[in-house]
Every structure is written in structure tokens, then in C-alpha cells.
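File shown: run_15.pdb (PDB, C-alpha atoms (C1' of nucleotides)).
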```
ATOM      1  CA  MET A   1     228.728  -1.557   6.307
ATOM      2  CA  PRO A   2     227.378   1.208   4.440
ATOM      3  CA  GLU A   3     227.142   4.672   5.896
ATOM      4  CA  LEU A   4     229.863   7.282   6.199
ATOM      5  CA  PRO A   5     231.508   6.207   9.494
ATOM      6  CA  GLU A   6     231.613   2.550   8.498
ATOM      7  CA  VAL A   7     233.039   3.383   5.080
ATOM      8  CA  GLU A   8     235.614   5.660   6.712
ATOM      9  CA  HIS A   9     236.599   2.745   8.912
ATOM     10  CA  ALA A  10     236.886   0.524   5.839
ATOM     11  CA  ALA A  11     239.149   3.140   4.245
ATOM     12  CA  SER A  12     241.510   3.221   7.200
ATOM     13  CA  THR A  13     241.738  -0.548   7.533
ATOM     14  CA  LEU A  14     242.423  -0.875   3.807
ATOM     15  CA  ARG A  15     245.222   1.690   4.182
ATOM     16  CA  LEU A  16     246.751  -0.421   6.938
ATOM     17  CA  TRP A  17     246.364  -3.740   5.195
ATOM     18  CA  LEU A  18     247.628  -2.554   1.840
ATOM     19  CA  ALA A  19     250.388  -0.268   3.089
ATOM     20  CA  GLU A  20     253.657  -0.915   1.282
ATOM     21  CA  ALA A  21     252.667  -4.437   0.269
ATOM     22  CA  PRO A  22     252.240  -5.240  -3.391
ATOM     23  CA  VAL A  23     249.212  -7.202  -4.487
ATOM     24  CA  LEU A  24     250.730 -10.553  -5.417
ATOM     25  CA  ARG A  25     247.669 -11.607  -7.304
ATOM     26  CA  ALA A  26     244.157 -10.308  -7.833
ATOM     27  CA  ARG A  27     241.292 -12.643  -8.514
ATOM     28  CA  ALA A  28     237.599 -12.119  -9.039
ATOM     29  CA  ALA A  29     234.532 -14.067 -10.006
ATOM     30  CA  ALA A  30     232.218 -12.846 -12.762
ATOM     31  CA  THR A  31     229.450 -11.231 -10.718
ATOM     32  CA  ARG A  32     227.176  -8.218 -10.873
ATOM     33  CA  LEU A  33     229.641  -6.349  -8.681
ATOM     34  CA  PHE A  34     231.565  -5.551 -11.821
ATOM     35  CA  ARG A  35     229.644  -3.211 -14.060
ATOM     36  CA  ALA A  36     231.688  -0.836 -16.173
ATOM     37  CA  GLY A  37     234.765  -3.023 -16.130
ATOM     38  CA  ASP A  38     234.706  -6.770 -15.889
ATOM     39  CA  HIS A  39     236.291  -9.149 -13.424
ATOM     40  CA  ARG A  40     239.154  -9.947 -15.793
ATOM     41  CA  LEU A  41     240.170  -6.314 -15.828
ATOM     42  CA  PHE A  42     240.308  -6.435 -12.020
ATOM     43  CA  GLU A  43     242.619  -9.451 -12.161
ATOM     44  CA  GLN A  44     244.865  -8.053 -14.890
ATOM     45  CA  ARG A  45     245.244  -4.507 -13.676
ATOM     46  CA  LEU A  46     245.564  -5.054  -9.927
ATOM     47  CA  THR A  47     248.000  -7.940  -9.932
ATOM     48  CA  GLY A  48     251.450  -6.663  -8.977
ATOM     49  CA  ARG A  49     250.256  -3.197  -7.947
ATOM     50  CA  ARG A  50     251.049  -1.262  -4.803
ATOM     51  CA  LEU A  51     248.469   0.885  -3.094
ATOM     52  CA  GLU A  52     249.256   4.573  -3.109
ATOM     53  CA  ARG A  53     246.132   6.103  -1.663
ATOM     54  CA  VAL A  54     242.682   5.308  -0.308
ATOM     55  CA  GLU A  55     240.115   8.080  -0.413
ATOM     56  CA  ARG A  56     236.529   8.163   0.672
ATOM     57  CA  ARG A  57     233.841  10.408  -0.798
ATOM     58  CA  GLY A  58     230.518   9.831   0.914
ATOM     59  CA  LYS A  59     230.024   6.079   0.871
ATOM     60  CA  VAL A  60     232.388   5.535  -2.052
ATOM     61  CA  LEU A  61     235.895   4.133  -1.605
ATOM     62  CA  LEU A  62     238.525   5.139  -4.150
ATOM     63  CA  LEU A  63     241.756   3.154  -4.189
ATOM     64  CA  SER A  64     244.720   4.370  -6.219
ATOM     65  CA  PHE A  65     247.542   1.979  -7.071
ATOM     66  CA  ASP A  66     250.821   2.614  -8.850
ATOM     67  CA  GLY A  67     250.772   2.388 -12.611
ATOM     68  CA  ASP A  68     247.688   4.625 -12.691
ATOM     69  CA  VAL A  69     245.344   1.822 -11.628
ATOM     70  CA  GLY A  70     242.221   2.917  -9.794
ATOM     71  CA  LEU A  71     239.537   0.900  -8.065
ATOM     72  CA  LEU A  72     236.127   2.191  -7.063
ATOM     73  CA  SER A  73     234.460   0.174  -4.321
ATOM     74  CA  HIS A  74     230.948   0.770  -3.067
ATOM     75  CA  LEU A  75     229.824  -1.537  -0.287
ATOM     76  CA  GLY A  76     226.109  -1.373  -0.948
ATOM     77  CA  MET A  77     224.154  -2.777   1.975
ATOM     78  CA  THR A  78     226.189  -5.815   2.882
ATOM     79  CA  GLY A  79     229.617  -5.417   1.324
ATOM     80  CA  LYS A  80     232.818  -5.499   3.348
ATOM     81  CA  TRP A  81     236.538  -5.924   2.971
ATOM     82  CA  VAL A  82     238.034  -8.516   5.298
ATOM     83  CA  ARG A  83     241.553  -9.865   5.723
ATOM     84  CA  ARG A  84     242.073 -13.579   6.259
ATOM     85  CA  PRO A  85     244.912 -16.083   6.270
ATOM     86  CA  GLY A  86     245.259 -17.613   2.842
ATOM     87  CA  SER A  87     243.785 -20.909   3.905
ATOM     88  CA  ASP A  88     240.567 -19.352   5.183
ATOM     89  CA  THR A  89     237.959 -18.246   2.639
ATOM     90  CA  PRO A  90     235.018 -16.358   4.122
ATOM     91  CA  ALA A  91     231.494 -16.805   2.825
ATOM     92  CA  HIS A  92     230.438 -14.731  -0.193
ATOM     93  CA  SER A  93     233.950 -13.704  -1.148
ATOM     94  CA  HIS A  94     233.696 -12.453  -4.720
ATOM     95  CA  ALA A  95     237.045 -10.740  -5.219
ATOM     96  CA  GLN A  96     240.431 -11.359  -3.633
ATOM     97  CA  LEU A  97     243.729  -9.524  -3.320
ATOM     98  CA  GLU A  98     246.562 -11.820  -2.286
ATOM     99  CA  LEU A  99     249.160 -10.100  -0.131
ATOM    100  CA  PRO A 100     252.627 -11.048   1.093
ATOM    101  CA  GLY A 101     252.612 -12.912   4.387
ATOM    102  CA  ALA A 102     249.953 -15.395   3.282
ATOM    103  CA  PHE A 103     247.096 -12.957   3.826
ATOM    104  CA  VAL A 104     244.246 -12.376   1.434
ATOM    105  CA  LEU A 105     241.914  -9.408   1.314
ATOM    106  CA  HIS A 106     238.417 -10.523   0.402
ATOM    107  CA  TYR A 107     235.565  -8.417  -0.820
ATOM    108  CA  CYS A 108     232.511 -10.175   0.615
ATOM    109  CA  ASP A 109     228.965  -9.250  -0.271
ATOM    110  CA  PRO A 110     226.100 -11.728   0.168
ATOM    111  CA  ARG A 111     223.511  -9.576  -1.535
ATOM    112  CA  LEU A 112     225.760  -8.314  -4.320
ATOM    113  CA  PHE A 113     224.380  -4.795  -3.977
ATOM    114  CA  GLY A 114     227.868  -3.304  -3.953
ATOM    115  CA  ARG A 115     230.044  -2.520  -6.914
ATOM    116  CA  LEU A 116     233.647  -2.749  -8.008
ATOM    117  CA  GLU A 117     234.968  -0.802 -10.965
ATOM    118  CA  VAL A 118     238.455  -0.594 -12.402
ATOM    119  CA  HIS A 119     239.502   2.766 -13.832
ATOM    120  CA  ARG A 120     242.581   4.890 -14.343
ATOM    121  CA  ALA A 121     243.586   6.280 -10.961
ATOM    122  CA  VAL A 122     243.692   9.827 -12.299
ATOM    123  CA  ASP A 123     240.073   9.539 -13.363
ATOM    124  CA  LEU A 124     238.585   8.396 -10.055
ATOM    125  CA  LEU A 125     237.531  11.796  -8.763
ATOM    126  CA  ASP A 126     236.061  12.713 -12.139
ATOM    127  CA  LEU A 127     233.792   9.695 -12.441
ATOM    128  CA  PRO A 128     230.148  10.688 -12.842
ATOM    129  CA  VAL A 129     229.106   8.794  -9.705
ATOM    130  CA  VAL A 130     231.703  10.705  -7.707
ATOM    131  CA  ARG A 131     231.027  14.089  -9.286
ATOM    132  CA  ALA A 132     227.324  13.678  -8.559
ATOM    133  CA  LEU A 133     227.986  13.535  -4.824
ATOM    134  CA  GLY A 134     227.124  16.512  -2.688
ATOM    135  CA  PRO A 135     229.453  17.787   0.031
ATOM    136  CA  ASP A 136     230.843  15.199   2.423
ATOM    137  CA  PRO A 137     229.942  16.313   5.965
ATOM    138  CA  ILE A 138     233.326  15.252   7.347
ATOM    139  CA  LEU A 139     235.686  16.113   4.489
ATOM    140  CA  ASP A 140     233.970  19.316   3.427
ATOM    141  CA  GLY A 141     231.992  20.241   6.507
ATOM    142  CA  ILE A 142     228.391  21.363   6.300
ATOM    143  CA  ASP A 143     227.691  24.814   4.932
ATOM    144  CA  VAL A 144     224.409  25.680   6.645
ATOM    145  CA  ALA A 145     223.421  28.334   4.135
ATOM    146  CA  ALA A 146     224.081  26.023   1.214
ATOM    147  CA  LEU A 147     222.205  23.149   2.840
ATOM    148  CA  HIS A 148     219.297  25.445   3.609
ATOM    149  CA  GLY A 149     219.264  26.441  -0.041
ATOM    150  CA  ARG A 150     219.126  22.830  -1.169
ATOM    151  CA  LEU A 151     216.357  21.943   1.273
ATOM    152  CA  GLU A 152     214.288  25.000   0.386
ATOM    153  CA  GLY A 153     214.037  23.756  -3.147
ATOM    154  CA  THR A 154     212.238  20.518  -2.431
ATOM    155  CA  ALA A 155     208.957  19.373  -0.956
ATOM    156  CA  ARG A 156     210.370  15.947  -0.136
ATOM    157  CA  ALA A 157     210.468  14.820   3.462
ATOM    158  CA  VAL A 158     213.576  16.207   5.117
ATOM    159  CA  LYS A 159     214.750  12.702   5.940
ATOM    160  CA  VAL A 160     214.549  11.668   2.297
ATOM    161  CA  ALA A 161     216.338  14.854   1.244
ATOM    162  CA  ILE A 162     219.345  14.424   3.533
ATOM    163  CA  MET A 163     219.714  10.799   2.421
ATOM    164  CA  ASP A 164     219.985  12.028  -1.174
ATOM    165  CA  GLN A 165     223.696  11.626  -1.921
ATOM    166  CA  ALA A 166     223.626  14.709  -4.125
ATOM    167  CA  VAL A 167     222.529  16.800  -1.135
ATOM    168  CA  LEU A 168     224.936  15.340   1.417
ATOM    169  CA  ALA A 169     227.296  12.467   0.654
ATOM    170  CA  GLY A 170     227.423   9.622   3.130
ATOM    171  CA  ILE A 171     224.174   9.929   5.079
ATOM    172  CA  GLY A 172     221.977   6.820   5.086
ATOM    173  CA  ASN A 173     218.985   5.689   7.052
ATOM    174  CA  ILE A 174     220.715   5.286  10.405
ATOM    175  CA  TYR A 175     222.477   8.639  10.562
ATOM    176  CA  ALA A 176     219.529  10.508   9.063
ATOM    177  CA  THR A 177     217.359   9.036  11.817
ATOM    178  CA  GLU A 178     219.878   9.902  14.519
ATOM    179  CA  ALA A 179     220.592  13.408  13.229
ATOM    180  CA  LEU A 180     216.914  14.365  13.047
ATOM    181  CA  PHE A 181     216.347  13.175  16.576
ATOM    182  CA  ARG A 182     219.306  15.157  17.848
ATOM    183  CA  ALA A 183     218.005  18.218  16.003
ATOM    184  CA  GLY A 184     214.438  17.779  17.268
ATOM    185  CA  ILE A 185     213.034  17.756  13.730
ATOM    186  CA  HIS A 186     210.298  15.380  12.600
ATOM    187  CA  PRO A 187     211.595  13.190   9.738
ATOM    188  CA  ALA A 188     208.448  13.670   7.629
ATOM    189  CA  ARG A 189     208.615  17.476   7.653
ATOM    190  CA  PRO A 190     208.752  18.872   4.129
ATOM    191  CA  ALA A 191     212.369  19.847   3.568
ATOM    192  CA  ARG A 192     211.373  23.324   2.409
ATOM    193  CA  SER A 193     209.565  24.008   5.691
ATOM    194  CA  LEU A 194     212.781  24.057   7.722
ATOM    195  CA  THR A 195     213.925  27.438   8.978
ATOM    196  CA  ARG A 196     217.536  28.511   8.762
ATOM    197  CA  ARG A 197     217.805  27.970  12.486
ATOM    198  CA  GLU A 198     216.503  24.413  12.178
ATOM    199  CA  VAL A 199     218.918  23.664   9.355
ATOM    200  CA  GLY A 200     221.655  24.839  11.686
ATOM    201  CA  ARG A 201     220.486  22.397  14.349
ATOM    202  CA  LEU A 202     220.254  19.668  11.726
ATOM    203  CA  ALA A 203     223.843  20.303  10.629
ATOM    204  CA  LYS A 204     224.989  20.037  14.236
ATOM    205  CA  GLY A 205     222.917  16.864  14.653
ATOM    206  CA  ILE A 206     224.518  15.285  11.604
ATOM    207  CA  GLU A 207     228.014  16.207  12.756
ATOM    208  CA  ALA A 208     227.333  14.903  16.250
ATOM    209  CA  ALA A 209     225.805  11.625  15.081
ATOM    210  CA  LEU A 210     228.670  10.957  12.683
ATOM    211  CA  GLY A 211     231.358  12.226  15.009
ATOM    212  CA  GLU A 212     230.346  10.061  17.893
ATOM    213  CA  VAL A 213     230.739   6.867  15.884
ATOM    214  CA  LEU A 214     233.847   8.035  14.010
ATOM    215  CA  GLY A 215     235.598   8.431  17.344
ATOM    216  CA  ARG A 216     235.014   4.862  18.401
ATOM    217  CA  PRO A 217     237.180   1.782  18.109
ATOM    218  CA  ALA A 218     236.505  -0.457  15.147
ATOM    219  CA  GLU A 219     234.764  -3.270  16.998
ATOM    220  CA  GLU A 220     232.067  -0.922  18.198
ATOM    221  CA  ILE A 221     231.501   0.577  14.786
ATOM    222  CA  ALA A 222     230.630  -2.819  13.421
ATOM    223  CA  TYR A 223     226.982  -2.667  14.368
ATOM    224  CA  LEU A 224     225.439  -5.929  13.195
ATOM    225  CA  SER A 225     228.881  -7.153  12.273
ATOM    226  CA  GLU A 226     230.141 -10.696  12.536
ATOM    227  CA  GLY A 227     228.944 -12.234  15.740
ATOM    228  CA  GLY A 228     226.228  -9.643  16.053
ATOM    229  CA  ALA A 229     226.883  -9.345  19.752
ATOM    230  CA  VAL A 230     227.498  -5.625  19.561
ATOM    231  CA  GLN A 231     224.734  -3.648  21.220
ATOM    232  CA  ASN A 232     222.772  -1.030  19.351
ATOM    233  CA  PRO A 233     224.860   2.099  19.973
ATOM    234  CA  PHE A 234     222.277   4.534  18.611
ATOM    235  CA  LEU A 235     219.923   6.886  20.429
ATOM    236  CA  VAL A 236     216.757   6.009  18.510
ATOM    237  CA  TYR A 237     217.595   3.934  15.445
ATOM    238  CA  ASP A 238     216.008   0.482  15.743
ATOM    239  CA  ARG A 239     214.516   1.430  19.128
ATOM    240  CA  GLU A 240     210.829   1.586  18.292
ATOM    241  CA  GLY A 241     208.739   1.348  21.443
ATOM    242  CA  GLU A 242     211.612   2.135  23.775
ATOM    243  CA  PRO A 243     211.451   5.338  25.826
ATOM    244  CA  CYS A 244     212.746   8.501  24.190
ATOM    245  CA  PRO A 245     216.165   9.208  25.732
ATOM    246  CA  ARG A 246     215.110  12.832  26.194
ATOM    247  CA  CYS A 247     211.477  12.796  27.337
ATOM    248  CA  GLY A 248     210.674   9.146  28.005
ATOM    249  CA  ARG A 249     207.726   8.840  25.660
ATOM    250  CA  ALA A 250     207.655   5.678  23.540
ATOM    251  CA  LEU A 251     209.520   6.086  20.258
ATOM    252  CA  GLU A 252     207.398   5.713  17.139
ATOM    253  CA  LYS A 253     208.146   4.119  13.793
ATOM    254  CA  ARG A 254     206.866   5.103  10.385
ATOM    255  CA  VAL A 255     207.889   4.340   6.839
ATOM    256  CA  ILE A 256     209.083   7.538   5.170
ATOM    257  CA  GLY A 257     210.404   7.461   1.645
ATOM    258  CA  GLY A 258     210.219   3.700   1.749
ATOM    259  CA  ARG A 259     212.464   3.312   4.781
ATOM    260  CA  ALA A 260     211.783   2.709   8.424
ATOM    261  CA  SER A 261     212.060   5.864  10.476
ATOM    262  CA  VAL A 262     212.103   6.003  14.245
ATOM    263  CA  PHE A 263     211.387   9.267  16.024
ATOM    264  CA  CYS A 264     209.898  10.807  19.144
ATOM    265  CA  GLY A 265     206.464  12.276  18.481
ATOM    266  CA  ARG A 266     206.951  14.795  21.271
ATOM    267  CA  CYS A 267     210.558  15.934  20.816
ATOM    268  CA  GLN A 268     210.384  15.950  17.019
ATOM    269  CA  LYS A 269     207.468  18.149  16.042
ATOM    270  CA  GLY A 270     205.778  17.502  12.729
TER
ATOM    271  C1'  DT B   1     207.039  10.557  -5.502
ATOM    272  C1'  DG B   2     206.038   5.967  -4.793
ATOM    273  C1'  DA B   3     206.469   1.184  -6.178
ATOM    274  C1'  DC B   4     209.316  -2.130  -7.312
ATOM    275  C1'  DC B   5     213.694  -4.411  -8.255
ATOM    276  C1'  DC B   6     218.259  -6.268  -7.319
ATOM    277  C1'  DC B   7     219.760 -10.604  -3.476
ATOM    278  C1'  DT B   8     220.658 -13.381   0.870
ATOM    279  C1'  DG B   9     220.389 -13.969   5.795
ATOM    280  C1'  DG B  10     218.521 -13.335  10.277
ATOM    281  C1'  DC B  11     214.726 -12.938  13.148
ATOM    282  C1'  DC B  12     209.883 -13.468  14.813
TER
ATOM    283  C1'  DG C   1     207.121 -19.377   6.287
ATOM    284  C1'  DG C   2     206.907 -14.463   6.131
ATOM    285  C1'  DC C   3     208.997 -10.144   6.968
ATOM    286  C1'  DC C   4     212.581  -7.065   7.322
ATOM    287  C1'  DA C   5     217.252  -5.093   6.343
ATOM    288  C1'  DG C   6     222.206   0.049   6.702
ATOM    289  C1'  DG C   7     222.413   0.632  -0.641
ATOM    290  C1'  DG C   8     220.981   2.447  -5.154
ATOM    291  C1'  DG C   9     218.634   2.274  -9.674
ATOM    292  C1'  DT C  10     214.602   2.395 -12.765
ATOM    293  C1'  DC C  11     209.946   2.915 -13.979
ATOM    294  C1'  DA C  12     205.371   5.036 -14.434
TER
END
```
Spell out the structure here as C-alpha cells.
Amino acid sequence: MPELPEVEHAASTLRLWLAEAPVLRARAAATRLFRAGDHRLFEQRLTGRRLERVERRGKVLLLSFDGDVGLLSHLGMTGKWVRRPGSDTPAHSHAQLELPGAFVLHYCDPRLFGRLEVHRAVDLLDLPVVRALGPDPILDGIDVAALHGRLEGTARAVKVAIMDQAVLAGIGNIYATEALFRAGIHPARPARSLTRREVGRLAKGIEAALGEVLGRPAEEIAYLSEGGAVQNPFLVYDREGEPCPRCGRALEKRVIGGRASVFCGRCQKG
DNA sequence: TGACCCCTGGCC
DNA sequence: GGCCAGGGGTCA
């Protein structure tokens, strides 16, 4: 579950599940998830290790184990970490961490868009993919002047720009859609056309959209999770044709930067 | 900047 | 049986 709040939730559950307990055995299949390192490295290095720290930067999870073993985990579109009794193997489990108490942590990812990389723990924050990330809206906060500066420099649609992980780390299609609605800014507006005042509203919109979900219990965060019974908790995302929560006009949908964008044509001026 | 790719699953 | 999907990467 890919955007910032879902990855933050993954980080906190991993902290709970891996707290104190050594990994009895690590196993992994040879899949595309492993790029830099291979699956054997995962098995060799993680077996016997204890978790020391889980960090999140944007949508990237960074796990540090004792013995200077580091694991980078990106969930892609459909990746997730789940904990199951040893006898129960979930579908599309490609890597496993066996824990004491007959539990196994599985990394499941049907589409294999995620990635797993084994590194030295001390190197995690210096990895190019991590260094390339822009500020994390929750960890670093949003500096309105700096964001305005970044947006001024590009003619891209503002929605595309804020989904660029080098501009802000952790924003994907859902929270970009929600934030722009909250800010009353049309998603197709050229980024450089935003005034300082609008960037300020956008920053507040991003913080509000993220904050609302971050404050919720886990089951509600799992939009489209197992079971799928959870209702759409968003104001406009995936609500094309429904009335705008502010003015009542039907919400519109357009593809911007290759991704579906829902917005109110009246509240979000183009 | 857009088009296309990587994949599978769920929905119409 | 198509179409769509929250991620990112590459190519022209």
C-alpha cells in the first residue's frame, strides 16, 4: 500500500513484529524484487539478525539489523508485509522472515513492482534512491518558500510535480488528488503558475490529507486491503460523478500525467 | 513530456 | 474479454 501514510503504517507494524525477536531464518525466491543484491544475499545476511531500527523516507522503508545489515523495501503498487502463523502461506509471498513463536513475516507482491535490496545498514540513508528524495512532508515538514521555488521552475502540471519524489517524498496519486482539492487548485495548472499564497494552501492541503489518514487505526488505512470491504475514505479520490463535498457539482475525471485525476471543476479553478 | 513497460487481479 | 489500478523506470 504505497503512499506515505500506508508506508508509515507498514513501518510501525514492522517495528512491532520485529521488536526484540531475532530472525530465525530468512528465505527468498529469485524474483525481480531483488535488483542490486540477489535473493541469496537476503537469506544469508538476514538470518539470525535482530532488528534495530525501521525508518521511512517518503515511500521507502529502511530496516537496520544488528551486524550492520540493512534492508531497503519499496512496496511498489501492490507490495505489503504481512505476519502469518508458520503453517499459513499467503498468496504471492516472495520473501519470508521466520520469527520465534511460529510466526512468519511475508513480503507479498502480486505485481512484483516493489523492490528489496540488501545493503550495509550504515549506507541506507546514503543510497542514491534515498538521497534523490525531496523533503518528507511529515518528517521534514513542508517549507512553503522552498516548495514554491521548486514549482516555479517547471511547466509541468502541479499534480505531476507534487508526485515527483524529488519534489516531495511520499505523495502519490491519491494524496495529490486529495491535497489539490483541499487547496482549491486545479490539478492541471502549470506548476509555475501557482502564487506563493496558493502554494501555502497546497502545503496545508497536503498536511491535512496525510494527517487525517495517519491518525486513523490500521484497518481503516487499508483502503482496498484484504476483504476490500473498507469504504473509500477520501473526499474526491475515486469519486468521479459524485457531488463535490463542498459545492455539490459533479466531480470530474481527467487523465493528467498519465494518471486518473478527480477534481471539482468549480472549486478547483484551472 | 508523453508513451510505453513491468505484472496480476478485480471489476464492469 | 477488456479496462483499470495507489509505483517507478526508460525511451524517443
Each residue of chain A with at least one atom at most 10 Å from chain B should appear once, together with its nearest atom pair and the corresponding distance in Å (one decimal); atoms considered: all atoms listed in the file; ordering: chain, then increasing residue number; output as CSV.
```
residue,atom,partner,partner_atom,distance
A:Arg32,CA,B:DC6,C1',9.8
A:Thr78,CA,B:DT8,C1',9.6
A:His92,CA,B:DT8,C1',9.9
A:Asp109,CA,B:DT8,C1',9.3
A:Pro110,CA,B:DT8,C1',5.7
A:Arg111,CA,B:DC7,C1',4.3
A:Leu112,CA,B:DC7,C1',6.5
A:Phe113,CA,B:DC6,C1',7.1
A:Arg156,CA,B:DT1,C1',8.3
A:Gly257,CA,B:DG2,C1',7.9
A:Gly258,CA,B:DG2,C1',8.1
```
Chain and number of each residue from the PyMOL selection byres ((chain A) within 9 of (chain C)), as a VMD selection string: chain A and resid 1 to 3 74 to 78 113 to 114 172 to 174
How big is the axis-aligned box around all listed atoms of segment 95-103 of chain A once 6 Å goes on each side, and where's its centre, in Å to one decimal, as JSON?
```
{"center_x": 244.8, "center_y": -12.5, "center_z": -0.4, "size_x": 27.6, "size_y": 17.9, "size_z": 21.6}
```
Selection result for the PyMOL selection byres ((chain A and resi 194) around 9) on this file, as an MDAnalysis selection string: chainID A and resid 148 151:152 158 185 189:193 195:199
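Here atom CA of Ser93 of chain A and atom CA of Gly215 of chain A stand 28.9 Å from one another.
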Picked residues, the PyMOL selection byres ((chain A and resi 54) around 10), expected as a ChimeraX atom specification: /A:8,10-15,18,51-53,55-56,61-65,70-72
